[in-house]
file protein_4.csv (CSV, N, CA and C atoms)
chain,number,residue,atom,x,y,z
A,1,GLY,N,10.6,13.7,21.3
A,1,GLY,CA,9.7,12.9,20.5
A,1,GLY,C,10.4,12.3,19.3
A,2,SER,N,9.8,11.3,18.7
A,2,SER,CA,10.4,10.7,17.5
A,2,SER,C,9.8,11.3,16.3
A,3,SER,N,10.6,11.5,15.3
A,3,SER,CA,10.1,12.0,14.0
A,3,SER,C,10.9,11.4,12.9
A,4,TYR,N,10.3,11.2,11.8
A,4,TYR,CA,11.1,10.7,10.6
A,4,TYR,C,10.6,11.4,9.4
A,5,LYS,N,11.5,11.5,8.4
A,5,LYS,CA,11.2,12.0,7.1
A,5,LYS,C,10.5,11.0,6.3
A,6,CYS,N,9.5,11.3,5.6
A,6,CYS,CA,8.8,10.4,4.8
A,6,CYS,C,9.0,10.7,3.3
A,7,ASP,N,9.7,9.9,2.5
A,7,ASP,CA,9.7,10.2,1.1
A,7,ASP,C,9.5,8.9,0.3
A,8,PHE,N,9.5,9.0,-1.0
A,8,PHE,CA,9.1,7.9,-1.8
A,8,PHE,C,10.3,7.5,-2.7
A,9,GLU,N,11.5,7.8,-2.3
A,9,GLU,CA,12.7,7.6,-3.2
A,9,GLU,C,12.9,6.1,-3.5
A,10,THR,N,12.9,5.2,-2.5
A,10,THR,CA,13.2,3.8,-2.8
A,10,THR,C,11.9,3.0,-2.8
A,11,ASP,N,10.9,3.4,-2.0
A,11,ASP,CA,9.7,2.6,-1.8
A,11,ASP,C,8.7,3.6,-1.2
A,12,LEU,N,7.8,3.1,-0.4
A,12,LEU,CA,6.9,4.0,0.2
A,12,LEU,C,7.4,4.4,1.6
A,13,CYS,N,7.0,5.5,2.0
A,13,CYS,CA,7.3,6.0,3.4
A,13,CYS,C,6.8,5.0,4.4
A,14,LYS,N,7.5,4.9,5.6
A,14,LYS,CA,7.2,3.9,6.6
A,14,LYS,C,5.8,4.1,7.2
A,15,ALA,N,5.2,5.2,7.0
A,15,ALA,CA,3.9,5.4,7.6
A,15,ALA,C,2.8,4.7,6.8
A,16,LEU,N,3.2,4.3,5.5
A,16,LEU,CA,2.1,3.8,4.6
A,16,LEU,C,2.4,2.3,4.4
A,17,PRO,N,1.3,1.5,4.2
A,17,PRO,CA,1.5,0.1,3.8
A,17,PRO,C,1.9,0.0,2.4
A,18,GLU,N,2.1,-1.2,1.9
A,18,GLU,CA,2.6,-1.4,0.5
A,18,GLU,C,1.7,-0.7,-0.5
A,19,LEU,N,2.3,-0.3,-1.6
A,19,LEU,CA,1.6,0.5,-2.6
A,19,LEU,C,0.4,-0.4,-3.2
A,20,ASN,N,0.6,-1.7,-3.3
A,20,ASN,CA,-0.4,-2.5,-3.9
A,20,ASN,C,-1.7,-2.6,-3.0
A,21,LEU,N,-1.6,-2.1,-1.8
A,21,LEU,CA,-2.8,-2.0,-1.0
A,21,LEU,C,-3.4,-0.6,-1.1
A,22,GLN,N,-2.9,0.2,-2.0
A,22,GLN,CA,-3.4,1.6,-2.1
A,22,GLN,C,-3.9,1.8,-3.6
A,23,PRO,N,-5.0,1.1,-4.0
A,23,PRO,CA,-5.4,1.2,-5.4
A,23,PRO,C,-5.6,2.6,-5.8
A,24,GLY,N,-5.2,2.9,-7.1
A,24,GLY,CA,-5.5,4.2,-7.6
A,24,GLY,C,-4.3,5.2,-7.5
A,25,TRP,N,-3.2,4.8,-6.8
A,25,TRP,CA,-2.1,5.6,-6.6
A,25,TRP,C,-0.9,5.0,-7.3
A,26,ILE,N,0.0,5.8,-7.9
A,26,ILE,CA,1.2,5.3,-8.4
A,26,ILE,C,2.4,6.2,-7.9
A,27,ARG,N,3.6,5.5,-7.9
A,27,ARG,CA,4.8,6.2,-7.5
A,27,ARG,C,5.5,6.7,-8.7
A,28,ARG,N,5.8,7.9,-8.9
A,28,ARG,CA,6.4,8.4,-10.1
A,28,ARG,C,7.3,9.6,-9.8
A,29,ASN,N,8.0,10.1,-10.8
A,29,ASN,CA,8.7,11.4,-10.7
A,29,ASN,C,8.4,12.3,-11.8
A,30,GLY,N,9.0,13.5,-11.9
A,30,GLY,CA,8.7,14.4,-12.9
A,30,GLY,C,9.1,14.1,-14.3
A,31,LEU,N,10.0,13.0,-14.4
A,31,LEU,CA,10.5,12.6,-15.7
A,31,LEU,C,9.6,11.6,-16.3
A,32,SER,N,8.5,11.2,-15.7
A,32,SER,CA,7.7,10.1,-16.2
A,32,SER,C,6.7,10.4,-17.3
A,33,SER,N,6.8,11.6,-17.9
A,33,SER,CA,6.0,12.0,-19.0
A,33,SER,C,4.5,11.7,-18.8
A,34,MET,N,4.1,12.0,-17.6
A,34,MET,CA,2.6,11.9,-17.3
A,34,MET,C,2.0,13.3,-17.1
A,35,GLY,N,2.7,14.3,-17.5
A,35,GLY,CA,2.2,15.7,-17.3
A,35,GLY,C,2.6,16.2,-15.9
A,36,PRO,N,2.1,17.4,-15.6
A,36,PRO,CA,2.6,18.0,-14.4
A,36,PRO,C,2.1,17.3,-13.1
A,37,PRO,N,2.8,17.4,-12.0
A,37,PRO,CA,4.0,18.2,-11.8
A,37,PRO,C,5.2,17.5,-12.4
A,38,TYR,N,6.2,18.4,-12.9
A,38,TYR,CA,7.4,17.9,-13.5
A,38,TYR,C,8.5,17.8,-12.5
A,39,SER,N,8.3,18.1,-11.2
A,39,SER,CA,9.3,18.0,-10.2
A,39,SER,C,8.6,17.8,-8.9
A,40,ASP,N,9.4,17.5,-7.8
A,40,ASP,CA,8.8,17.5,-6.5
A,40,ASP,C,8.7,18.9,-5.9
A,41,HIS,N,8.3,19.0,-4.7
A,41,HIS,CA,8.2,20.4,-4.1
A,41,HIS,C,9.5,21.1,-3.9
A,42,ASN,N,10.6,20.4,-4.1
A,42,ASN,CA,11.9,21.1,-4.0
A,42,ASN,C,12.4,21.4,-5.4
A,43,GLY,N,11.7,21.1,-6.4
A,43,GLY,CA,12.1,21.4,-7.8
A,43,GLY,C,13.0,20.3,-8.4
A,44,ASN,N,13.0,19.2,-7.8
A,44,ASN,CA,13.9,18.0,-8.2
A,44,ASN,C,13.1,17.2,-9.2
A,45,ASP,N,13.5,17.1,-10.4
A,45,ASP,CA,12.6,16.4,-11.4
A,45,ASP,C,12.8,14.9,-11.3
A,46,SER,N,13.8,14.4,-10.6
A,46,SER,CA,14.0,12.9,-10.5
A,46,SER,C,13.5,12.4,-9.1
A,47,ALA,N,13.0,13.2,-8.3
A,47,ALA,CA,12.5,12.8,-7.0
A,47,ALA,C,11.1,12.2,-7.1
A,48,TYR,N,10.8,11.2,-6.3
A,48,TYR,CA,9.6,10.5,-6.5
A,48,TYR,C,8.5,11.1,-5.5
A,49,PHE,N,7.3,10.9,-6.0
A,49,PHE,CA,6.1,11.3,-5.2
A,49,PHE,C,5.0,10.4,-5.6
A,50,LEU,N,3.9,10.4,-4.9
A,50,LEU,CA,2.7,9.6,-5.3
A,50,LEU,C,1.7,10.5,-6.1
A,51,SER,N,1.1,9.9,-7.0
A,51,SER,CA,0.2,10.6,-8.0
A,51,SER,C,-1.0,9.7,-8.2
A,52,LEU,N,-2.1,10.3,-8.5
A,52,LEU,CA,-3.3,9.5,-8.9
A,52,LEU,C,-3.0,8.9,-10.2
A,53,SER,N,-3.4,7.6,-10.4
A,53,SER,CA,-3.3,7.1,-11.8
A,53,SER,C,-4.3,7.6,-12.7
A,54,SER,N,-4.1,7.6,-14.0
A,54,SER,CA,-5.0,8.2,-14.9
A,54,SER,C,-6.4,7.6,-14.8
A,55,GLU,N,-6.5,6.3,-14.5
A,55,GLU,CA,-7.8,5.7,-14.4
A,55,GLU,C,-8.6,6.2,-13.2
A,56,THR,N,-7.9,6.7,-12.3
A,56,THR,CA,-8.5,7.1,-11.0
A,56,THR,C,-9.0,8.5,-11.0
A,57,ARG,N,-8.6,9.3,-12.0
A,57,ARG,CA,-8.8,10.8,-11.9
A,57,ARG,C,-10.3,11.1,-11.9
A,58,SER,N,-11.1,10.3,-12.4
A,58,SER,CA,-12.6,10.6,-12.4
A,58,SER,C,-13.3,10.1,-11.2
A,59,SER,N,-12.6,9.3,-10.4
A,59,SER,CA,-13.3,8.7,-9.2
A,59,SER,C,-12.5,9.1,-8.0
A,60,SER,N,-12.5,8.2,-7.0
A,60,SER,CA,-11.8,8.6,-5.8
A,60,SER,C,-10.8,7.5,-5.4
A,61,ALA,N,-9.8,7.9,-4.7
A,61,ALA,CA,-8.8,7.0,-4.3
A,61,ALA,C,-8.4,7.4,-2.8
A,62,THR,N,-8.1,6.3,-2.0
A,62,THR,CA,-7.8,6.5,-0.6
A,62,THR,C,-6.3,6.1,-0.4
A,63,LEU,N,-5.6,6.9,0.4
A,63,LEU,CA,-4.3,6.6,0.8
A,63,LEU,C,-4.3,6.5,2.3
A,64,ARG,N,-4.1,5.3,2.8
A,64,ARG,CA,-4.3,5.0,4.2
A,64,ARG,C,-2.9,4.8,4.9
A,65,THR,N,-2.7,5.3,6.1
A,65,THR,CA,-1.5,5.1,6.8
A,65,THR,C,-1.6,3.7,7.5
A,66,ASN,N,-0.5,3.3,8.1
A,66,ASN,CA,-0.6,2.2,9.0
A,66,ASN,C,-1.3,2.7,10.3
A,67,VAL,N,-1.5,1.8,11.2
A,67,VAL,CA,-2.2,2.1,12.4
A,67,VAL,C,-1.2,2.8,13.4
A,68,PHE,N,-1.5,4.0,13.9
A,68,PHE,CA,-0.7,4.7,14.8
A,68,PHE,C,-1.2,4.4,16.2
A,69,LEU,N,-0.3,4.5,17.2
A,69,LEU,CA,-0.6,4.3,18.6
A,69,LEU,C,-1.3,5.6,19.1
A,70,PRO,N,-2.0,5.5,20.2
A,70,PRO,CA,-2.7,6.7,20.8
A,70,PRO,C,-1.7,7.8,21.1
A,71,THR,N,-2.2,9.0,21.1
A,71,THR,CA,-1.4,10.1,21.5
A,71,THR,C,-1.6,10.5,23.0
A,72,ASN,N,-0.8,11.3,23.5
A,72,ASN,CA,-1.1,11.8,24.9
A,72,ASN,C,-0.7,13.3,24.9
A,73,GLU,N,-0.7,13.9,26.1
A,73,GLU,CA,-0.5,15.3,26.2
A,73,GLU,C,0.9,15.7,25.7
A,74,GLU,N,1.9,14.9,26.0
A,74,GLU,CA,3.3,15.2,25.6
A,74,GLU,C,3.5,14.8,24.1
A,75,HIS,N,2.8,13.9,23.6
A,75,HIS,CA,3.1,13.3,22.3
A,75,HIS,C,1.9,13.4,21.4
A,76,LEU,N,1.7,14.5,20.8
A,76,LEU,CA,0.7,14.6,19.7
A,76,LEU,C,1.3,14.1,18.4
A,77,CYS,N,0.5,13.9,17.4
A,77,CYS,CA,1.0,13.5,16.1
A,77,CYS,C,0.9,14.7,15.2
A,78,GLN,N,2.0,15.1,14.6
A,78,GLN,CA,2.0,16.2,13.7
A,78,GLN,C,2.5,15.6,12.3
A,79,ILE,N,1.7,15.9,11.3
A,79,ILE,CA,2.0,15.4,10.0
A,79,ILE,C,2.1,16.6,9.0
A,80,THR,N,3.2,16.8,8.4
A,80,THR,CA,3.3,17.9,7.4
A,80,THR,C,3.4,17.2,6.0
A,81,PHE,N,2.6,17.6,5.1
A,81,PHE,CA,2.6,17.0,3.8
A,81,PHE,C,2.5,18.0,2.7
A,82,HIS,N,3.1,17.7,1.5
A,82,HIS,CA,3.0,18.5,0.4
A,82,HIS,C,2.0,18.0,-0.6
A,83,TYR,N,1.3,18.8,-1.3
A,83,TYR,CA,0.3,18.3,-2.2
A,83,TYR,C,0.2,19.3,-3.4
A,84,TRP,N,-0.2,18.7,-4.5
A,84,TRP,CA,-0.3,19.4,-5.8
A,84,TRP,C,-1.7,19.1,-6.4
A,85,ILE,N,-2.4,20.2,-6.7
A,85,ILE,CA,-3.7,20.0,-7.4
A,85,ILE,C,-3.7,20.6,-8.7
A,86,SER,N,-4.0,19.8,-9.8
A,86,SER,CA,-4.0,20.4,-11.1
A,86,SER,C,-5.4,20.5,-11.6
A,87,GLU,N,-5.6,20.2,-12.9
A,87,GLU,CA,-7.0,20.4,-13.4
A,87,GLU,C,-7.9,19.4,-12.7
A,88,MET,N,-8.5,19.8,-11.6
A,88,MET,CA,-9.3,18.8,-10.9
A,88,MET,C,-10.4,19.6,-10.2
A,89,ASN,N,-11.6,19.1,-10.3
A,89,ASN,CA,-12.7,19.7,-9.6
A,89,ASN,C,-13.1,18.9,-8.4
A,90,GLY,N,-12.2,18.1,-7.9
A,90,GLY,CA,-12.5,17.2,-6.8
A,90,GLY,C,-12.1,17.9,-5.5
A,91,THR,N,-11.9,17.0,-4.5
A,91,THR,CA,-11.6,17.4,-3.1
A,91,THR,C,-10.4,16.5,-2.6
A,92,LEU,N,-9.5,17.2,-2.0
A,92,LEU,CA,-8.4,16.4,-1.3
A,92,LEU,C,-8.8,16.5,0.2
A,93,MET,N,-8.9,15.4,0.8
A,93,MET,CA,-9.4,15.4,2.2
A,93,MET,C,-8.5,14.5,3.1
A,94,VAL,N,-8.2,15.0,4.3
A,94,VAL,CA,-7.4,14.2,5.3
A,94,VAL,C,-8.5,13.8,6.3
A,95,GLY,N,-8.5,12.5,6.6
A,95,GLY,CA,-9.5,12.0,7.5
A,95,GLY,C,-8.9,11.2,8.6
A,96,LEU,N,-9.6,11.1,9.7
A,96,LEU,CA,-9.1,10.3,10.9
A,96,LEU,C,-10.1,9.2,11.1
A,97,ARG,N,-9.5,7.9,11.2
A,97,ARG,CA,-10.4,6.8,11.6
A,97,ARG,C,-9.9,6.2,12.8
A,98,LYS,N,-10.6,6.3,13.9
A,98,LYS,CA,-10.2,5.7,15.2
A,98,LYS,C,-10.6,4.3,15.2
A,99,HIS,N,-9.8,3.6,16.1
A,99,HIS,CA,-9.9,2.1,16.1
A,99,HIS,C,-11.3,1.6,16.4
A,100,SER,N,-12.1,2.3,17.2
A,100,SER,CA,-13.4,1.8,17.6
A,100,SER,C,-14.5,2.3,16.7
A,101,GLU,N,-14.1,3.1,15.7
A,101,GLU,CA,-15.2,3.6,14.8
A,101,GLU,C,-15.0,3.2,13.4
A,102,ASP,N,-16.1,3.0,12.7
A,102,ASP,CA,-16.0,2.7,11.2
A,102,ASP,C,-16.0,3.9,10.4
A,103,THR,N,-16.4,5.0,10.9
A,103,THR,CA,-16.5,6.3,10.1
A,103,THR,C,-15.2,7.0,10.1
A,104,ILE,N,-15.0,7.8,9.0
A,104,ILE,CA,-13.8,8.6,8.9
A,104,ILE,C,-14.3,10.1,9.1
A,105,THR,N,-13.6,10.7,10.0
A,105,THR,CA,-13.9,12.1,10.4
A,105,THR,C,-12.9,13.0,9.6
A,106,SER,N,-13.5,14.0,8.8
A,106,SER,CA,-12.6,14.9,8.1
A,106,SER,C,-11.9,15.8,9.0
A,107,ILE,N,-10.6,16.0,8.9
A,107,ILE,CA,-9.9,16.9,9.7
A,107,ILE,C,-9.3,18.1,8.9
A,108,TRP,N,-9.3,17.9,7.6
A,108,TRP,CA,-8.8,19.0,6.7
A,108,TRP,C,-9.2,18.7,5.3
A,109,GLN,N,-9.5,19.7,4.5
A,109,GLN,CA,-9.8,19.5,3.1
A,109,GLN,C,-9.6,20.7,2.3
A,110,VAL,N,-9.3,20.5,1.0
A,110,VAL,CA,-9.2,21.6,0.1
A,110,VAL,C,-9.8,21.1,-1.2
A,111,SER,N,-10.5,22.0,-1.9
A,111,SER,CA,-11.1,21.6,-3.1
A,111,SER,C,-11.1,22.6,-4.2
A,112,GLY,N,-11.1,22.1,-5.4
A,112,GLY,CA,-11.5,22.8,-6.6
A,112,GLY,C,-10.7,23.8,-7.2
A,113,GLU,N,-10.0,24.7,-6.5
A,113,GLU,CA,-9.3,25.7,-7.2
A,113,GLU,C,-8.2,25.2,-8.1
A,114,LEU,N,-8.0,25.7,-9.2
A,114,LEU,CA,-6.9,25.3,-10.1
A,114,LEU,C,-5.6,25.9,-9.5
A,115,GLN,N,-4.7,25.1,-9.1
A,115,GLN,CA,-3.5,25.6,-8.4
A,115,GLN,C,-2.2,25.4,-9.2
A,116,ASN,N,-2.0,24.2,-9.7
A,116,ASN,CA,-0.7,23.9,-10.4
A,116,ASN,C,0.5,24.4,-9.7
A,117,GLN,N,0.5,24.3,-8.4
A,117,GLN,CA,1.8,24.5,-7.6
A,117,GLN,C,1.8,23.7,-6.4
A,118,TRP,N,2.9,23.4,-5.9
A,118,TRP,CA,3.0,22.6,-4.7
A,118,TRP,C,2.7,23.5,-3.5
A,119,LYS,N,1.9,22.9,-2.6
A,119,LYS,CA,1.6,23.6,-1.3
A,119,LYS,C,1.8,22.7,-0.2
A,120,ALA,N,2.0,23.2,1.0
A,120,ALA,CA,2.3,22.4,2.2
A,120,ALA,C,1.2,22.6,3.2
A,121,ASN,N,0.9,21.6,4.0
A,121,ASN,CA,0.0,21.8,5.1
A,121,ASN,C,0.4,20.9,6.3
A,122,THR,N,0.2,21.3,7.5
A,122,THR,CA,0.5,20.6,8.7
A,122,THR,C,-0.8,20.3,9.5
A,123,ILE,N,-1.0,19.1,9.9
A,123,ILE,CA,-2.1,18.8,10.7
A,123,ILE,C,-1.6,18.2,12.0
A,124,ILE,N,-2.4,18.4,13.1
A,124,ILE,CA,-2.0,17.9,14.4
A,124,ILE,C,-3.2,17.0,14.9
A,125,ILE,N,-2.8,15.8,15.3
A,125,ILE,CA,-3.8,14.8,15.7
A,125,ILE,C,-3.7,14.4,17.1
A,126,SER,N,-4.8,14.4,17.9
A,126,SER,CA,-4.7,13.8,19.2
A,126,SER,C,-5.8,12.7,19.2
A,127,SER,N,-5.5,11.6,19.8
A,127,SER,CA,-6.5,10.5,19.8
A,127,SER,C,-6.1,9.6,21.0
A,128,THR,N,-7.2,9.2,21.8
A,128,THR,CA,-6.9,8.4,22.9
A,128,THR,C,-6.9,6.9,22.6
A,129,GLU,N,-7.1,6.6,21.3
A,129,GLU,CA,-7.0,5.2,20.9
A,129,GLU,C,-6.2,5.1,19.6
A,130,LYS,N,-6.0,3.9,19.2
A,130,LYS,CA,-5.2,3.7,17.9
A,130,LYS,C,-6.0,4.3,16.8
A,131,TYR,N,-5.3,4.7,15.7
A,131,TYR,CA,-6.0,5.4,14.7
A,131,TYR,C,-5.2,5.3,13.4
A,132,GLU,N,-5.9,5.5,12.3
A,132,GLU,CA,-5.3,5.7,10.9
A,132,GLU,C,-5.6,7.0,10.4
A,133,VAL,N,-4.8,7.5,9.5
A,133,VAL,CA,-5.0,8.8,8.8
A,133,VAL,C,-5.3,8.5,7.4

call {"tool": "encode", "arguments": {"input": "protein_4.csv", "output": "structure tokens"}}
result
Amino acid sequence: GSSYKCDFETDLCKALPELNLQPGWIRRNGLSSMGPPYSDHNGNDSAYFLSLSSETRSSSATLRTNVFLPTNEEHLCQITFHYWISEMNGTLMVGLRKHSEDTITSIWQVSGELQNQWKANTIIISSTEKYEV
């Protein structure tokens, strides 16, 4: 199967469209004096990650992938992502939008607890049609 590492060092990861199509998100690193986190999940303070902009913190922001091709028995889609939740009483949700549907189906979510640490999660997706995450 094909896999690739997705980081934000020079631009956005290949799975995501341009950042200007993702309102509410900014690309920054731990040196940007915006408060925690002060490093990425490896402890690197100059490595880039995506963060909610300060104007967005009271509302919601969506980060959409490009359209993925359908999966099959041999080729499921596995996505591992790292996330950080600080003083936030909202919810981080991963949703699936299939090509033929307008609705987004929640496939994973976490909410509310004050964490202030990086955590990782892996989701596995199977879809008989094109989809976005």

call {"tool": "residues_around", "arguments": {"input": "protein_4.csv", "residues": "segment 61-64 of chain A", "least_positions_apart": "6", "cutoff": "8 Å", "atoms": "all atoms listed in the file", "output": "PyMOL selection string"}}
result
chain A and resi 15-17+21-25+52+132-133

call {"tool": "atom_distance", "arguments": {"input": "protein_4.csv", "atom1": "atom CA of Asp11 of chain A", "atom2": "atom CA of Arg27 of chain A"}}
result
8.3 Å

call {"tool": "select_by_dssp", "arguments": {"input": "protein_4.csv", "residues": "chain A", "states": "strand (DSSP E or B)", "output": "PyMOL selection string"}}
result
chain A and resi 25-29+48-52+68+77-84+91-98+105-111+118-125+131-132

call {"tool": "closest_residue", "arguments": {"input": "protein_4.csv", "among": "A:Ser86, A:His41, A:Thr56, A:Phe68", "to": "Lys119 of chain A", "atoms": "only C-alpha atoms"}}
result
A:His41

call {"tool": "residues_around", "arguments": {"input": "protein_4.csv", "residues": "Arg28 of chain A", "least_positions_apart": "5", "cutoff": "6.5 Å", "atoms": "all atoms listed in the file", "output": "JSON, numbers by chain"}}
result
{"A": [47, 48, 49, 50, 51]}

call {"tool": "write_last_selection", "arguments": {"input": "protein_4.csv", "atoms": "N, CA and C atoms", "output": "mmCIF file, in the frame of the given file"}}
result
data_model
loop_
_atom_site.group_PDB
_atom_site.id
_atom_site.type_symbol
_atom_site.label_atom_id
_atom_site.label_comp_id
_atom_site.auth_asym_id
_atom_site.auth_seq_id
_atom_site.Cartn_x
_atom_site.Cartn_y
_atom_site.Cartn_z
ATOM 1 N N ALA A 47 13.000 13.200 -8.300
ATOM 2 C CA ALA A 47 12.500 12.800 -7.000
ATOM 3 C C ALA A 47 11.100 12.200 -7.100
ATOM 4 N N TYR A 48 10.800 11.200 -6.300
ATOM 5 C CA TYR A 48 9.600 10.500 -6.500
ATOM 6 C C TYR A 48 8.500 11.100 -5.500
ATOM 7 N N PHE A 49 7.300 10.900 -6.000
ATOM 8 C CA PHE A 49 6.100 11.300 -5.200
ATOM 9 C C PHE A 49 5.000 10.400 -5.600
ATOM 10 N N LEU A 50 3.900 10.400 -4.900
ATOM 11 C CA LEU A 50 2.700 9.600 -5.300
ATOM 12 C C LEU A 50 1.700 10.500 -6.100
ATOM 13 N N SER A 51 1.100 9.900 -7.000
ATOM 14 C CA SER A 51 0.200 10.600 -8.000
ATOM 15 C C SER A 51 -1.000 9.700 -8.200
#

call {"tool": "atom_distance", "arguments": {"input": "protein_4.csv", "atom1": "atom C of Ser32 of chain A", "atom2": "atom C of Ser46 of chain A"}}
result
10.8 Å

call {"tool": "atom_distance", "arguments": {"input": "protein_4.csv", "atom1": "atom CA of Arg97 of chain A", "atom2": "atom CA of Ile26 of chain A"}}
result
23.2 Å

call {"tool": "closest_residue", "arguments": {"input": "protein_4.csv", "among": "A:Asp45, A:His99, A:Asp7, A:Trp84", "to": "Gln115 of chain A", "atoms": "only C-alpha atoms"}}
result
A:Trp84

call {"tool": "closest_residue", "arguments": {"input": "protein_4.csv", "among": "A:Asn29, A:Asn72, A:Thr105, A:Asn66", "to": "Asn44 of chain A", "atoms": "only N, CA and C atoms"}}
result
A:Asn29

call {"tool": "residues_around", "arguments": {"input": "protein_4.csv", "residues": "Leu92 of chain A", "least_positions_apart": "4", "cutoff": "7 Å", "atoms": "all atoms listed in the file", "output": "list in words"}}
result
Trp108, Gln109, Val110, Ser111 and Gly112 of chain A

call {"tool": "closest_residue", "arguments": {"input": "protein_4.csv", "among": "A:Asn116, A:Gly90, A:Ser59, A:Lys130", "to": "Pro37 of chain A", "atoms": "only N, CA and C atoms"}}
result
A:Asn116

call {"tool": "closest_residue", "arguments": {"input": "protein_4.csv", "among": "A:Ser126, A:Lys5, A:Tyr131, A:Glu18", "to": "Leu76 of chain A", "atoms": "only N, CA and C atoms"}}
result
A:Ser126

call {"tool": "closest_residue", "arguments": {"input": "protein_4.csv", "among": "A:Cys13, A:Thr128, A:Met34, A:Asn121", "to": "His82 of chain A", "atoms": "only N, CA and C atoms"}}
result
A:Asn121

call {"tool": "decode", "arguments": {"input": "protein_4.csv", "residues": "segment 19-44 of chain A", "atoms": "C-alpha atoms", "output": "CSV table (one decimal), in the first residue's frame"}}
result
chain,number,residue,atom,x,y,z
A,19,LEU,CA,-4.6,26.8,3.9
A,20,ASN,CA,-6.5,29.8,2.5
A,21,LEU,CA,-9.4,27.3,1.9
A,22,GLN,CA,-9.3,26.4,5.6
A,23,PRO,CA,-10.6,29.4,7.4
A,24,GLY,CA,-9.9,29.6,11.1
A,25,TRP,CA,-6.6,27.6,11.0
A,26,ILE,CA,-3.1,28.9,11.0
A,27,ARG,CA,0.2,27.2,10.5
A,28,ARG,CA,2.6,28.0,13.3
A,29,ASN,CA,5.3,26.5,15.6
A,30,GLY,CA,6.1,26.6,19.3
A,31,LEU,CA,8.2,29.8,18.9
A,32,SER,CA,5.3,31.9,17.7
A,33,SER,CA,4.5,33.4,21.1
A,34,MET,CA,0.9,32.4,20.9
A,35,GLY,CA,0.9,30.3,24.0
A,36,PRO,CA,0.9,26.5,24.3
A,37,PRO,CA,1.8,24.2,22.8
A,38,TYR,CA,5.4,25.3,22.7
A,39,SER,CA,6.6,22.4,20.6
A,40,ASP,CA,5.2,19.7,18.4
A,41,HIS,CA,4.5,16.2,19.6
A,42,ASN,CA,8.2,15.3,19.3
A,43,GLY,CA,9.2,18.2,21.6
A,44,ASN,CA,10.6,20.2,18.7
